[in-house]
file run29.txt (compact mmCIF, C-alpha atoms)
# COMPACT_ATOMS: atom_id res chain seq x y z
CA MET S 7 -47.24 -220.26 -124.12
CA PRO S 8 -50.00 -220.81 -121.52
CA ILE S 9 -53.49 -219.72 -122.69
CA GLN S 10 -53.78 -217.24 -119.76
CA HIS S 11 -50.79 -215.26 -121.03
CA ILE S 12 -52.24 -215.08 -124.56
CA THR S 13 -55.66 -214.05 -123.22
CA GLY S 14 -54.07 -211.54 -120.85
CA ARG S 15 -51.99 -210.03 -123.67
CA ALA S 16 -55.07 -209.78 -125.90
CA MET S 17 -57.01 -208.15 -123.08
CA GLY S 18 -54.14 -205.75 -122.49
CA GLU S 19 -54.05 -204.73 -126.17
CA PHE S 20 -57.83 -204.33 -126.20
CA SER S 21 -57.70 -202.15 -123.05
CA ASN S 22 -54.99 -199.98 -124.61
CA LYS S 23 -57.08 -199.45 -127.74
CA MET S 24 -60.21 -198.63 -125.72
CA GLY S 25 -58.13 -196.30 -123.57
CA LYS S 26 -56.91 -194.45 -126.66
CA ILE S 27 -60.47 -194.22 -128.04
CA ALA S 28 -61.72 -193.00 -124.68
CA ALA S 29 -58.90 -190.44 -124.52
CA ILE S 30 -59.71 -189.13 -128.01
CA GLY S 31 -63.44 -189.01 -127.15
CA PHE S 32 -62.77 -187.32 -123.83
CA GLY S 33 -60.53 -184.69 -125.41
CA THR S 34 -63.11 -183.99 -128.12
CA GLU S 35 -65.85 -183.69 -125.49
CA ILE S 36 -63.82 -181.18 -123.47
CA ILE S 37 -63.06 -178.98 -126.47
CA TYR S 38 -66.61 -179.24 -127.81
CA SER S 39 -68.28 -178.42 -124.49
CA PHE S 40 -65.85 -175.61 -123.73
CA VAL S 41 -66.33 -173.88 -127.09
CA ILE S 42 -70.13 -174.15 -126.97
CA ILE S 43 -70.33 -172.85 -123.38
CA ILE S 44 -68.01 -169.94 -124.14
CA CYS S 45 -69.96 -169.06 -127.34
CA CYS S 46 -73.26 -169.05 -125.47
CA LEU S 47 -71.94 -166.96 -122.60
CA MET S 48 -70.37 -164.48 -125.02
CA ILE S 49 -73.75 -164.12 -126.76
CA TYR S 50 -75.50 -163.64 -123.41
CA PHE S 51 -73.10 -161.05 -122.02
CA GLY S 52 -72.45 -159.42 -125.37
CA THR S 53 -76.13 -158.51 -125.77
CA ARG S 54 -76.50 -157.21 -122.21
CA LYS S 55 -76.07 -153.55 -123.14
CA LEU S 56 -78.57 -153.80 -126.00
CA TYR S 57 -81.19 -155.26 -123.66
CA GLU S 58 -80.49 -152.81 -120.83
CA LEU S 59 -81.07 -149.87 -123.15
CA SER S 60 -84.05 -151.20 -125.09
CA LEU S 61 -85.75 -153.63 -122.62
CA TYR S 62 -86.97 -155.31 -125.80
CA LYS S 63 -88.60 -158.65 -124.97
CA GLY S 64 -87.34 -160.41 -128.09
CA ILE S 65 -83.75 -159.65 -127.08
CA LYS S 66 -84.49 -160.82 -123.53
CA TYR S 67 -85.81 -164.21 -124.66
CA PHE S 68 -82.93 -164.58 -127.13
CA ARG S 69 -80.35 -163.92 -124.38
CA VAL S 70 -82.05 -166.18 -121.87
CA SER S 71 -82.11 -169.07 -124.34
CA PHE S 72 -78.33 -168.89 -124.83
CA LEU S 73 -77.69 -168.63 -121.10
CA LEU S 74 -79.80 -171.76 -120.67
CA PHE S 75 -77.92 -173.46 -123.52
CA ALA S 76 -74.65 -172.73 -121.67
CA LEU S 77 -76.00 -174.14 -118.39
CA ALA S 78 -77.48 -177.15 -120.18
CA TYR S 79 -74.16 -177.86 -121.86
CA PHE S 80 -72.43 -177.62 -118.51
CA SER S 81 -74.85 -180.24 -117.15
CA ARG S 82 -74.27 -182.36 -120.26
CA SER S 83 -70.53 -182.22 -119.59
CA ILE S 84 -71.08 -183.53 -116.07
CA VAL S 85 -73.17 -186.40 -117.45
CA LYS S 86 -70.50 -187.31 -120.01
CA PHE S 87 -67.51 -186.88 -117.72
CA SER S 88 -68.99 -188.66 -114.74
CA THR S 89 -69.54 -191.80 -116.83
CA ILE S 90 -66.05 -191.62 -118.42
CA ILE S 91 -63.92 -190.53 -115.48
CA PHE S 92 -65.61 -191.82 -112.39
CA ASN S 93 -66.94 -195.09 -113.74
CA ASP S 94 -67.53 -197.11 -110.59
CA HIS S 95 -66.01 -194.65 -108.14
CA SER S 96 -68.24 -192.23 -106.27
CA LEU S 97 -67.70 -188.48 -106.20
CA PHE S 98 -68.09 -186.82 -102.78
CA GLY S 99 -70.01 -189.89 -101.67
CA ILE S 100 -72.48 -189.59 -104.54
CA HIS S 101 -72.66 -192.62 -106.75
CA PRO S 102 -71.90 -191.68 -110.39
CA GLN S 103 -75.22 -193.16 -111.54
CA ILE S 104 -77.12 -190.81 -109.22
CA LEU S 105 -74.96 -187.87 -110.27
CA ALA S 106 -75.55 -188.73 -113.93
CA SER S 107 -79.33 -188.99 -113.35
CA ILE S 108 -79.52 -185.61 -111.61
CA SER S 109 -77.33 -184.00 -114.27
CA SER S 110 -79.40 -185.62 -117.03
CA PHE S 111 -82.60 -184.22 -115.54
CA ILE S 112 -81.09 -180.74 -115.28
CA PHE S 113 -79.67 -181.03 -118.80
CA MET S 114 -82.99 -182.12 -120.28
CA TYR S 115 -84.95 -179.46 -118.38
CA LEU S 116 -82.64 -176.59 -119.26
CA SER S 117 -82.20 -177.60 -122.91
CA SER S 118 -85.98 -177.92 -123.40
CA ILE S 119 -86.60 -174.49 -121.94
CA ALA S 120 -83.70 -173.06 -123.97
CA ILE S 121 -85.27 -174.34 -127.20
CA PHE S 122 -88.70 -172.99 -126.16
CA TYR S 123 -87.31 -169.54 -125.38
CA LEU S 124 -85.32 -169.37 -128.64
CA LEU S 125 -88.46 -170.23 -130.58
CA TYR S 126 -90.53 -167.82 -128.48
CA SER S 127 -88.09 -164.99 -129.19
CA ILE S 128 -89.26 -164.98 -132.81
CA ILE S 129 -93.01 -165.37 -132.21
CA TRP S 130 -93.55 -163.50 -128.92
CA LYS S 131 -95.27 -160.56 -130.60
CA LYS S 132 -98.07 -162.81 -131.84
CA PHE S 133 -98.39 -164.86 -128.63
CA ASN S 134 -97.66 -162.56 -125.72
CA HIS S 135 -99.28 -164.25 -122.70
CA LYS S 136 -97.85 -165.21 -119.30
CA ILE S 137 -99.50 -168.60 -119.54
CA ILE S 138 -97.14 -169.47 -122.38
CA HIS S 139 -94.14 -169.02 -120.05
CA TYR S 140 -95.71 -171.29 -117.43
CA SER S 141 -96.46 -173.88 -120.10
CA PHE S 142 -92.74 -173.88 -121.07
CA TYR S 143 -91.70 -174.79 -117.55
CA ILE S 144 -94.42 -177.41 -117.14
CA LEU S 145 -93.73 -179.03 -120.51
CA ALA S 146 -89.95 -179.00 -119.91
CA PHE S 147 -90.47 -180.57 -116.47
CA MET S 148 -92.70 -183.29 -117.91
CA ILE S 149 -90.24 -184.00 -120.72
CA SER S 150 -87.36 -184.24 -118.24
CA ILE S 151 -89.24 -186.53 -115.85
CA ILE S 152 -90.34 -188.85 -118.66
CA SER S 153 -86.81 -188.90 -120.14
CA ILE S 154 -85.18 -189.78 -116.83
CA SER S 155 -87.76 -192.23 -115.54
CA SER S 156 -88.36 -194.06 -118.80
CA ARG S 157 -86.08 -197.01 -119.33
CA ASN S 158 -87.28 -197.31 -122.90
CA LEU S 159 -84.87 -195.60 -125.29
CA LEU S 160 -87.60 -195.32 -127.93
CA THR S 161 -89.65 -193.15 -125.56
CA HIS S 162 -86.71 -190.83 -125.21
CA LEU S 163 -86.26 -190.74 -128.96
CA TYR S 164 -89.95 -189.95 -129.58
CA ILE S 165 -89.88 -187.12 -127.05
CA ASN S 166 -86.96 -185.50 -128.81
CA LEU S 167 -88.50 -186.01 -132.23
CA PHE S 168 -91.61 -184.28 -130.86
CA LEU S 169 -89.45 -181.33 -129.75
CA LEU S 170 -87.84 -181.20 -133.16
CA GLY S 171 -91.21 -181.32 -134.92
CA LEU S 172 -92.46 -178.51 -132.69
CA ALA S 173 -89.38 -176.42 -133.50
CA PHE S 174 -89.87 -176.98 -137.25
CA ALA S 175 -93.55 -176.04 -137.06
CA ILE S 176 -92.93 -172.84 -135.10
CA ILE S 177 -90.01 -171.71 -137.26
CA TYR S 178 -91.97 -172.44 -140.45
CA ALA S 179 -94.99 -170.51 -139.13
CA ALA S 180 -92.80 -167.59 -138.03
CA ASN S 181 -91.11 -167.48 -141.42
CA LYS S 182 -94.47 -167.38 -143.17
CA LEU S 183 -95.80 -164.65 -140.87
CA THR S 184 -92.90 -162.29 -141.34
CA LYS S 185 -93.02 -159.84 -144.19
CA LYS S 186 -89.29 -159.23 -144.12
CA LYS S 187 -87.82 -161.99 -146.22
CA LYS S 188 -84.24 -160.94 -145.57
CA THR S 189 -84.47 -162.55 -142.12
CA SER S 190 -85.27 -165.96 -143.64
CA ASN S 191 -81.57 -166.87 -143.31
CA MET S 192 -81.87 -166.60 -139.53
CA TYR S 193 -84.83 -168.95 -139.54
CA THR S 194 -82.73 -171.50 -141.42
CA ILE S 195 -80.03 -171.10 -138.80
CA TYR S 196 -82.55 -171.50 -135.96
CA LEU S 197 -83.88 -174.62 -137.64
CA LEU S 198 -80.42 -176.10 -137.96
CA LEU S 199 -79.60 -175.10 -134.38
CA SER S 200 -82.73 -176.82 -133.08
CA THR S 201 -81.94 -179.91 -135.17
CA PHE S 202 -78.37 -180.25 -133.99
CA TRP S 203 -79.40 -179.49 -130.44
CA ILE S 204 -81.93 -182.31 -130.51
CA LEU S 205 -79.30 -184.62 -132.01
CA ASN S 206 -76.99 -183.66 -129.14
CA ILE S 207 -79.70 -184.56 -126.65
CA ILE S 208 -80.19 -187.93 -128.36
CA ASP S 209 -76.42 -188.45 -128.34
CA THR S 210 -76.27 -187.77 -124.59
CA PHE S 211 -78.97 -190.27 -123.72
CA ILE S 212 -78.38 -192.84 -126.45
CA PRO S 213 -74.61 -192.64 -127.01
CA ASP S 214 -74.41 -195.46 -129.54
CA PHE S 215 -77.31 -194.19 -131.64
CA LEU S 216 -75.35 -191.60 -133.63
CA GLN S 217 -71.86 -192.93 -133.07
CA SER S 218 -70.87 -192.85 -136.74
CA PHE S 219 -72.06 -189.28 -137.18
CA GLN S 220 -71.02 -187.93 -133.78
CA LEU S 221 -67.97 -185.98 -134.97
CA LEU S 222 -69.95 -184.56 -137.89
CA ILE S 223 -72.74 -183.43 -135.55
CA TYR S 224 -70.21 -181.86 -133.20
CA LEU S 225 -68.53 -179.95 -136.03
CA ALA S 226 -71.86 -178.80 -137.47
CA SER S 227 -73.10 -177.69 -134.02
CA LEU S 228 -69.89 -175.75 -133.46
CA GLY S 229 -70.29 -174.14 -136.88
CA ILE S 230 -73.86 -173.06 -136.11
CA PHE S 231 -73.01 -171.59 -132.70
CA LEU S 232 -69.92 -169.82 -134.04
CA SER S 233 -71.90 -168.33 -136.93
CA ILE S 234 -74.56 -167.00 -134.53
CA LEU S 235 -71.81 -165.60 -132.29
CA TYR S 236 -70.19 -163.94 -135.30
CA LYS S 237 -73.51 -162.36 -136.36
CA VAL S 238 -74.15 -161.15 -132.79
CA LEU S 239 -70.70 -159.62 -132.43
CA THR S 240 -70.85 -157.88 -135.82
CA LYS S 241 -74.28 -156.43 -135.02
CA ILE S 242 -73.22 -155.24 -131.56
CA GLY S 243 -70.11 -153.66 -132.95
CA SER S 244 -71.92 -151.85 -135.77
CA MET K 6 -97.38 -142.38 -142.74
CA LYS K 7 -95.69 -145.50 -141.41
CA LYS K 8 -96.61 -146.35 -137.79
CA ARG K 9 -93.65 -145.99 -135.44
CA ASN K 10 -92.82 -148.69 -132.94
CA ARG K 11 -91.94 -148.06 -129.31
CA LEU K 12 -88.18 -148.01 -129.81
CA GLU K 13 -88.50 -145.56 -132.69
CA ILE K 14 -90.72 -143.17 -130.72
CA ILE K 15 -88.23 -143.18 -127.84
CA LYS K 16 -85.43 -142.46 -130.30
CA ASP K 17 -87.40 -139.60 -131.86
CA ILE K 18 -88.15 -138.00 -128.49
CA LEU K 19 -84.54 -138.24 -127.35
CA LYS K 20 -83.31 -136.92 -130.70
CA ILE K 21 -85.55 -133.86 -130.36
CA ILE K 22 -84.10 -133.15 -126.91
CA GLN K 23 -80.53 -133.70 -128.16
CA ASP K 24 -81.09 -131.38 -131.16
CA ASN K 25 -82.27 -128.65 -128.76
CA HIS K 26 -78.95 -128.50 -126.93
CA ASN K 27 -79.90 -131.50 -124.75
CA SER K 28 -82.67 -129.64 -122.93
CA ILE K 29 -86.19 -128.58 -123.97
CA LYS K 30 -89.44 -127.41 -122.43
CA ILE K 31 -92.28 -129.94 -122.27
CA THR K 32 -94.75 -128.13 -124.55
CA PRO K 33 -92.47 -127.79 -127.60
CA LEU K 34 -91.28 -131.37 -127.04
CA LEU K 35 -94.89 -132.60 -127.07
CA ARG K 36 -95.57 -130.64 -130.23
CA LYS K 37 -92.48 -131.94 -132.05
CA SER K 38 -92.84 -135.56 -130.92
CA ASN K 39 -96.03 -135.95 -133.00
CA ILE K 40 -97.89 -138.25 -130.60
CA SER K 41 -101.01 -137.76 -128.46
CA SER K 42 -100.51 -135.99 -125.12
CA LYS K 43 -101.63 -139.05 -123.18
CA ARG K 44 -99.06 -141.27 -124.83
CA PHE K 45 -96.45 -138.51 -124.64
CA TYR K 46 -96.69 -138.28 -120.85
CA GLU K 47 -96.59 -142.08 -120.61
CA TYR K 48 -93.36 -142.09 -122.63
CA ILE K 49 -91.83 -139.25 -120.60
CA LYS K 50 -92.60 -141.15 -117.40
CA GLU K 51 -91.04 -144.29 -118.88
CA LEU K 52 -87.95 -142.37 -120.00
CA GLN K 53 -87.58 -140.85 -116.53
CA ASN K 54 -87.93 -144.25 -114.87
CA LYS K 55 -85.29 -145.71 -117.17
CA GLY K 56 -82.94 -142.79 -116.52
CA PHE K 57 -82.89 -141.58 -120.12
CA VAL K 58 -84.15 -138.10 -119.21
CA MET K 59 -84.39 -135.83 -116.17
CA LYS K 60 -87.01 -133.27 -115.36
CA ILE K 61 -85.36 -130.04 -114.16
CA GLU K 62 -87.81 -127.23 -113.35
CA ARG K 63 -90.01 -127.16 -116.45
CA LYS K 64 -87.48 -128.62 -118.81
CA ILE K 65 -86.67 -132.14 -119.93
CA LYS K 66 -82.96 -132.87 -120.10
CA ILE K 67 -81.35 -135.89 -121.76
CA THR K 68 -78.94 -137.95 -119.63
CA LYS K 69 -75.79 -139.89 -120.56
CA LYS K 70 -77.85 -143.04 -120.65
CA GLY K 71 -80.26 -141.37 -123.08
CA MET K 72 -77.31 -140.38 -125.29
CA SER K 73 -76.10 -143.95 -125.11
CA TYR K 74 -79.50 -145.15 -126.35
CA LEU K 75 -79.24 -142.84 -129.36
CA GLU K 76 -75.74 -144.09 -130.12
CA LYS K 77 -76.78 -147.72 -129.86
CA TYR K 78 -80.18 -147.34 -131.54
CA SER K 79 -79.06 -148.50 -134.98
CA SER K 80 -77.30 -151.51 -133.38
CA ILE K 81 -80.44 -152.40 -131.41
CA VAL K 82 -82.73 -152.18 -134.43
CA GLY K 83 -80.20 -153.95 -136.66
CA PHE K 84 -79.88 -156.77 -134.13
CA ILE K 85 -83.66 -157.19 -133.85
CA GLU K 86 -84.06 -157.28 -137.63
CA GLU K 87 -81.09 -159.60 -138.20
CA PHE K 88 -82.36 -162.23 -135.76
CA GLY K 89 -86.05 -161.79 -136.54
CA LEU K 90 -86.87 -161.01 -132.89

call {"tool": "encode", "arguments": {"input": "run29.txt", "output": "structure tokens"}}
result
Amino acid sequence: MPIQHITGRAMGEFSNKMGKIAAIGFGTEIIYSFVIIICCLMIYFGTRKLYELSLYKGIKYFRVSFLLFALAYFSRSIVKFSTIIFNDHSLFGIHPQILASISSFIFMYLSSIAIFYLLYSIIWKKFNHKIIHYSFYILAFMISIISISSRNLLTHLYINLFLLGLAFAIIYAANKLTKKKKTSNMYTIYLLLSTFWILNIIDTFIPDFLQSFQLLIYLASLGIFLSILYKVLTKIGS
Amino acid sequence: MKKRNRLEIIKDILKIIQDNHNSIKITPLLRKSNISSKRFYEYIKELQNKGFVMKIERKIKITKKGMSYLEKYSSIVGFIEEFGL
């Protein structure tokens, strides 16, 4: 048998395997993104009545963070899908690389602000200044610009580790400041949510970094979001 | 006596109105609400702006939205406590 036929057959088998892997990954991504976006939107709209009646700032920041999570996840989906589906083909004349860069910026910006607002929702009483809101937007913008423009993956990793460290510090401080220990479970959940969110960000920008743990991270993230949704729905209904 | 927060004071004011057949004169409401007159008028203005109460002649009347706040009060407070907000 000529060598070209053997090589071609091997390449064909390899392509089939990669196609199957890509199909499994693509299906998982769709389900994962869909569930997270729906959870976040249900939390946002489910708490609308509570906020309208109380105009309580903590509820406002909590809702806004989940709306931003939903939008960030939508942007993340575009980043993932544009690289899988469109590959070298442009969409509406936009090269997929440009589309991915714009979506990545939006994803990074929205997810940073979402994390800031979730953390702020538990400490706003102690730090109630407008300048803090402006600092969120400025910091998120800087993080997004550095993430997109930096070609060094380590820079991206350090930025996200910084975000995670900040989340840990704020949640720890908030837990210490509160006198009501029964809410300490929520702080654990916020901590886990921040952790898995950061891991999702790392996964988006450095896909091979967490490849072995990707499914585990997805399942854990889904579990966290679903548990928050369950708590929200039970409290609204009570 | 434990200090009441804003949501609790609003609940107490609306509850007083509801317990008086959904309508009460300002002076007895001020007396029963147990807050200073300055703060009382600030709260009444806020409640009017939010549509929780209406001022009809010299009486304060609770609205449907005000009733809704009373119904949802325990959910609101429970939600805030549950999530540490």

call {"tool": "atom_distance", "arguments": {"input": "run29.txt", "atom1": "CA of Phe122 in chain S", "atom2": "CA of Leu222 in chain S"}}
result
25.0 Å

call {"tool": "closest_residue", "arguments": {"input": "run29.txt", "among": "S:Ile176, S:Leu160, S:Ile104, S:Ile43", "to": "Ser127 in chain S", "atoms": "all atoms listed in the file"}}
result
S:Ile176

call {"tool": "interface_residues", "arguments": {"input": "run29.txt", "of": "chain S", "to": "chain K", "cutoff": "10 Å", "atoms": "only C-alpha atoms", "output": "ChimeraX atom specification"}}
result
/S:53,55-68,124-131,180-181,184,186-193,195-196,234,237-244

call {"tool": "residues_around", "arguments": {"input": "run29.txt", "residues": "range 37-48 of chain K", "least_positions_apart": "2", "cutoff": "12 Å", "atoms": "only C-alpha atoms", "output": "MDAnalysis selection string"}}
result
chainID K and resid 6 8:22 24:25 29:35 50:55 57:58 65

call {"tool": "write_last_selection", "arguments": {"input": "run29.txt", "atoms": "C-alpha atoms", "output": "mmCIF file, in the frame of the given file"}}
result
data_model
loop_
_atom_site.group_PDB
_atom_site.id
_atom_site.type_symbol
_atom_site.label_atom_id
_atom_site.label_comp_id
_atom_site.auth_asym_id
_atom_site.auth_seq_id
_atom_site.Cartn_x
_atom_site.Cartn_y
_atom_site.Cartn_z
ATOM 1 C CA MET K 6 -97.380 -142.380 -142.740
ATOM 2 C CA LYS K 8 -96.610 -146.350 -137.790
ATOM 3 C CA ARG K 9 -93.650 -145.990 -135.440
ATOM 4 C CA ASN K 10 -92.820 -148.690 -132.940
ATOM 5 C CA ARG K 11 -91.940 -148.060 -129.310
ATOM 6 C CA LEU K 12 -88.180 -148.010 -129.810
ATOM 7 C CA GLU K 13 -88.500 -145.560 -132.690
ATOM 8 C CA ILE K 14 -90.720 -143.170 -130.720
ATOM 9 C CA ILE K 15 -88.230 -143.180 -127.840
ATOM 10 C CA LYS K 16 -85.430 -142.460 -130.300
ATOM 11 C CA ASP K 17 -87.400 -139.600 -131.860
ATOM 12 C CA ILE K 18 -88.150 -138.000 -128.490
ATOM 13 C CA LEU K 19 -84.540 -138.240 -127.350
ATOM 14 C CA LYS K 20 -83.310 -136.920 -130.700
ATOM 15 C CA ILE K 21 -85.550 -133.860 -130.360
ATOM 16 C CA ILE K 22 -84.100 -133.150 -126.910
ATOM 17 C CA ASP K 24 -81.090 -131.380 -131.160
ATOM 18 C CA ASN K 25 -82.270 -128.650 -128.760
ATOM 19 C CA ILE K 29 -86.190 -128.580 -123.970
ATOM 20 C CA LYS K 30 -89.440 -127.410 -122.430
ATOM 21 C CA ILE K 31 -92.280 -129.940 -122.270
ATOM 22 C CA THR K 32 -94.750 -128.130 -124.550
ATOM 23 C CA PRO K 33 -92.470 -127.790 -127.600
ATOM 24 C CA LEU K 34 -91.280 -131.370 -127.040
ATOM 25 C CA LEU K 35 -94.890 -132.600 -127.070
ATOM 26 C CA LYS K 50 -92.600 -141.150 -117.400
ATOM 27 C CA GLU K 51 -91.040 -144.290 -118.880
ATOM 28 C CA LEU K 52 -87.950 -142.370 -120.000
ATOM 29 C CA GLN K 53 -87.580 -140.850 -116.530
ATOM 30 C CA ASN K 54 -87.930 -144.250 -114.870
ATOM 31 C CA LYS K 55 -85.290 -145.710 -117.170
ATOM 32 C CA PHE K 57 -82.890 -141.580 -120.120
ATOM 33 C CA VAL K 58 -84.150 -138.100 -119.210
ATOM 34 C CA ILE K 65 -86.670 -132.140 -119.930
#

call {"tool": "atom_distance", "arguments": {"input": "run29.txt", "atom1": "CA of Ser200 in chain S", "atom2": "CA of His162 in chain S"}}
result
16.6 Å

call {"tool": "atom_distance", "arguments": {"input": "run29.txt", "atom1": "CA of Thr201 in chain S", "atom2": "CA of Lys132 in chain S"}}
result
23.7 Å

call {"tool": "residues_around", "arguments": {"input": "run29.txt", "residues": "Leu74 in chain S", "least_positions_apart": "2", "cutoff": "12 Å", "atoms": "only C-alpha atoms", "output": "ChimeraX atom specification"}}
result
/S:42-43,46-47,49-50,67-72,76-82,112-124

call {"tool": "residues_near_point", "arguments": {"input": "run29.txt", "point": "(-88.8, -181.1, -124.8)", "cutoff": "6 Å", "atoms": "all atoms listed in the file", "output": "PyMOL selection string"}}
result
chain S and resi 118+146+149+169

call {"tool": "residues_around", "arguments": {"input": "run29.txt", "residues": "Ser156 in chain S", "least_positions_apart": "6", "cutoff": "12 Å", "atoms": "all atoms listed in the file", "output": "MDAnalysis selection string"}}
result
chainID S and resid 107 111 148:150 162:165 211

call {"tool": "closest_residue", "arguments": {"input": "run29.txt", "among": "S:Leu170, S:Ile208, S:Leu159, S:Leu199", "to": "Leu232 in chain S", "atoms": "only C-alpha atoms"}}
result
S:Leu199

call {"tool": "axis_aligned_box", "arguments": {"input": "run29.txt", "around": "range 59-63 of chain K", "padding_each_side": "8 Å", "output": "lines of an AutoDock Vina configuration file"}}
result
center_x = -87.2
center_y = -131.5
center_z = -114.9
size_x = 21.6
size_y = 24.7
size_z = 19.1

call {"tool": "decode", "arguments": {"input": "run29.txt", "residues": "range 31-50 of chain K", "atoms": "N, CA and C atoms", "output": "PDB file, in the first residue's frame"}}
result
ATOM      1  N   ILE K  31     -52.703  61.723  61.033  1.00  0.00           N
ATOM      2  CA  ILE K  31     -51.236  61.849  61.155  1.00  0.00           C
ATOM      3  C   ILE K  31     -50.777  61.849  62.616  1.00  0.00           C
ATOM      4  N   THR K  32     -51.464  62.599  63.461  1.00  0.00           N
ATOM      5  CA  THR K  32     -51.010  62.745  64.860  1.00  0.00           C
ATOM      6  C   THR K  32     -50.970  61.412  65.615  1.00  0.00           C
ATOM      7  N   PRO K  33     -52.040  60.627  65.598  1.00  0.00           N
ATOM      8  CA  PRO K  33     -51.954  59.316  66.264  1.00  0.00           C
ATOM      9  C   PRO K  33     -50.926  58.387  65.624  1.00  0.00           C
ATOM     10  N   LEU K  34     -50.729  58.512  64.311  1.00  0.00           N
ATOM     11  CA  LEU K  34     -49.719  57.685  63.640  1.00  0.00           C
ATOM     12  C   LEU K  34     -48.322  58.057  64.134  1.00  0.00           C
ATOM     13  N   LEU K  35     -48.079  59.365  64.248  1.00  0.00           N
ATOM     14  CA  LEU K  35     -46.785  59.843  64.767  1.00  0.00           C
ATOM     15  C   LEU K  35     -46.551  59.325  66.179  1.00  0.00           C
ATOM     16  N   ARG K  36     -47.603  59.383  66.986  1.00  0.00           N
ATOM     17  CA  ARG K  36     -47.475  58.954  68.378  1.00  0.00           C
ATOM     18  C   ARG K  36     -47.173  57.447  68.461  1.00  0.00           C
ATOM     19  N   LYS K  37     -47.871  56.684  67.659  1.00  0.00           N
ATOM     20  CA  LYS K  37     -47.713  55.212  67.727  1.00  0.00           C
ATOM     21  C   LYS K  37     -46.440  54.711  67.058  1.00  0.00           C
ATOM     22  N   SER K  38     -45.895  55.507  66.118  1.00  0.00           N
ATOM     23  CA  SER K  38     -44.727  55.026  65.370  1.00  0.00           C
ATOM     24  C   SER K  38     -43.447  55.050  66.205  1.00  0.00           C
ATOM     25  N   ASN K  39     -43.463  55.854  67.290  1.00  0.00           N
ATOM     26  CA  ASN K  39     -42.332  55.854  68.235  1.00  0.00           C
ATOM     27  C   ASN K  39     -41.013  56.301  67.605  1.00  0.00           C
ATOM     28  N   ILE K  40     -41.085  57.322  66.757  1.00  0.00           N
ATOM     29  CA  ILE K  40     -39.876  57.955  66.222  1.00  0.00           C
ATOM     30  C   ILE K  40     -40.045  59.467  66.327  1.00  0.00           C
ATOM     31  N   SER K  41     -38.944  60.198  66.154  1.00  0.00           N
ATOM     32  CA  SER K  41     -39.008  61.664  66.273  1.00  0.00           C
ATOM     33  C   SER K  41     -39.867  62.226  65.135  1.00  0.00           C
ATOM     34  N   SER K  42     -40.430  63.400  65.335  1.00  0.00           N
ATOM     35  CA  SER K  42     -41.344  63.981  64.329  1.00  0.00           C
ATOM     36  C   SER K  42     -40.603  64.284  63.028  1.00  0.00           C
ATOM     37  N   LYS K  43     -39.334  64.707  63.176  1.00  0.00           N
ATOM     38  CA  LYS K  43     -38.560  65.023  61.968  1.00  0.00           C
ATOM     39  C   LYS K  43     -38.404  63.781  61.097  1.00  0.00           C
ATOM     40  N   ARG K  44     -37.975  62.696  61.743  1.00  0.00           N
ATOM     41  CA  ARG K  44     -37.788  61.449  61.007  1.00  0.00           C
ATOM     42  C   ARG K  44     -39.109  60.902  60.514  1.00  0.00           C
ATOM     43  N   PHE K  45     -40.165  61.081  61.306  1.00  0.00           N
ATOM     44  CA  PHE K  45     -41.494  60.596  60.925  1.00  0.00           C
ATOM     45  C   PHE K  45     -41.926  61.218  59.593  1.00  0.00           C
ATOM     46  N   TYR K  46     -41.817  62.548  59.498  1.00  0.00           N
ATOM     47  CA  TYR K  46     -42.242  63.222  58.270  1.00  0.00           C
ATOM     48  C   TYR K  46     -41.367  62.847  57.087  1.00  0.00           C
ATOM     49  N   GLU K  47     -40.087  62.574  57.371  1.00  0.00           N
ATOM     50  CA  GLU K  47     -39.193  62.096  56.299  1.00  0.00           C
ATOM     51  C   GLU K  47     -39.674  60.751  55.782  1.00  0.00           C
ATOM     52  N   TYR K  48     -40.056  59.860  56.711  1.00  0.00           N
ATOM     53  CA  TYR K  48     -40.535  58.530  56.321  1.00  0.00           C
ATOM     54  C   TYR K  48     -41.865  58.613  55.577  1.00  0.00           C
ATOM     55  N   ILE K  49     -42.751  59.488  56.047  1.00  0.00           N
ATOM     56  CA  ILE K  49     -44.065  59.623  55.392  1.00  0.00           C
ATOM     57  C   ILE K  49     -43.885  60.116  53.952  1.00  0.00           C
ATOM     58  N   LYS K  50     -42.948  61.060  53.792  1.00  0.00           N
ATOM     59  CA  LYS K  50     -42.659  61.579  52.443  1.00  0.00           C
ATOM     60  C   LYS K  50     -42.110  60.457  51.557  1.00  0.00           C
TER      61      LYS K  50
END
